[in-house]
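Let me begin by presenting the structure, written as structure tokens, before commenting on it.
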Amino acid sequence: PTNVRARESQRRMLLKAKSWDRMAALLEREAVLQTDTAQRIDILRRVAQINREKLANPRRAIEVHKEVLRLDPQDAVSTRALMSFAKYC
């Protein structure tokens, strides 16, 4: 949805339903549309967190953190996250 209220409503419904795969997909679409880099990074961090914690998809979480670092090579959150993944490899 392009309407802000509709997106918020959809987000709340997905959270309530614990539909994490659909939530991650919605947030990824929002990230693509976001023109503010800081907000885009924030959204992508949430996508990575959902993939890691809720979907047990570390590969996708790693990809998303790498995308954050392409936007901001100094991003400490994604750097730490990638370092924590390295411990398990």
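Starting from 1 in every chain, residues are counted up; chains themselves are A, B, ... following the order of the structure tokens, and ligands are numbered from 1 as listed.
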Shell of 6 Å around range 27-42 of chain A, only C-alpha atoms, local chain residues under 3 positions omitted, as a compact mmCIF listing (two decimals) with C-alpha atoms, in the first residue's frame:
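The resulting file, around35.txt, is shown below:
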# COMPACT_ATOMS: atom_id res chain seq x y z
CA ALA A 24 9.90 -8.90 6.15
CA ARG A 45 17.96 -3.48 10.14
CA VAL A 68 23.19 -1.62 4.99
TODO: Go through A:Leu26, A:Leu44, A:Arg52, A:Met13 one by one, measure the shortest atom-to-atom distance of each to Leu69 in chain A using only C-alpha atoms, and give the residue with the smallest value.
DONE: A:Leu44
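Non-sequential neighbours of Ser84 in chain A (distance at most 12 Å, separation of 6 or more positions within a chain, only C-alpha atoms) are Arg52, Pro58, Ala61, Ile62, His65, Val77 and Ser78 of chain A.
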How about saving the chosen residues, C-alpha atoms kept, as a PDB file, in the first residue's frame?
ATOM      1  CA  ARG A  52      17.635 -13.794  11.989  1.00  0.00           C
ATOM      2  CA  PRO A  58      20.784 -16.114   8.717  1.00  0.00           C
ATOM      3  CA  ALA A  61      20.011 -11.471   7.418  1.00  0.00           C
ATOM      4  CA  ILE A  62      23.644 -11.372   6.303  1.00  0.00           C
ATOM      5  CA  HIS A  65      23.327  -6.284   6.728  1.00  0.00           C
ATOM      6  CA  VAL A  77      25.107  -2.215  14.097  1.00  0.00           C
ATOM      7  CA  SER A  78      25.506  -4.155  10.857  1.00  0.00           C
TER       8      SER A  78
END
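For Asn51 in chain A, the list of residues within 9 Å, based on only C-alpha atoms and with local chain neighbours fewer than 5 positions off taken out, reads A:Trp20, A:Asp21, A:Ala24, A:Arg46, A:Ala56, A:Asn57, A:Pro58, A:Arg59, A:Arg60, A:Ala61.
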TODO: Would you please work out which residue, of A:Leu15, A:Ala76, A:Arg5, A:Glu67, is nearest to Ile50 in chain A when using only C-alpha atoms?
DONE: A:Leu15
Task: Which residue of A:Lys66, A:Ala25, A:Arg12, A:Ala17 approaches Arg80 in chain A most closely, using only C-alpha atoms - done: A:Lys66
TODO: Would you work out the distance separating CA of Leu82 in chain A from CA of Gln49 in chain A, expressed in Å to one decimal?
DONE: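 Spanning CA of Leu82 in chain A to CA of Gln49 in chain A is a straight-line distance of 11.9 Å.
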Open item on the list: Based on the backbone DSSP call, show me all residues of chain A assigned helix (DSSP H, G or I), as a PyMOL selection string.
Closed with: chain A and resi 4-17+20-33+37-54+58-71+76-86
Open item on the list: Show me, as JSON, numbers by chain, the residues that have an atom within 10 Å of Ser19 in chain A when counting only C-alpha atoms, minus same-chain residues fewer than 6 positions from it.
Closed with: {"A": [11, 13, 54, 55]}
Task: Length of the CA of Gln10 in chain A to CA of Ile43 in chain A vector [Å] - done: 15.4 Å
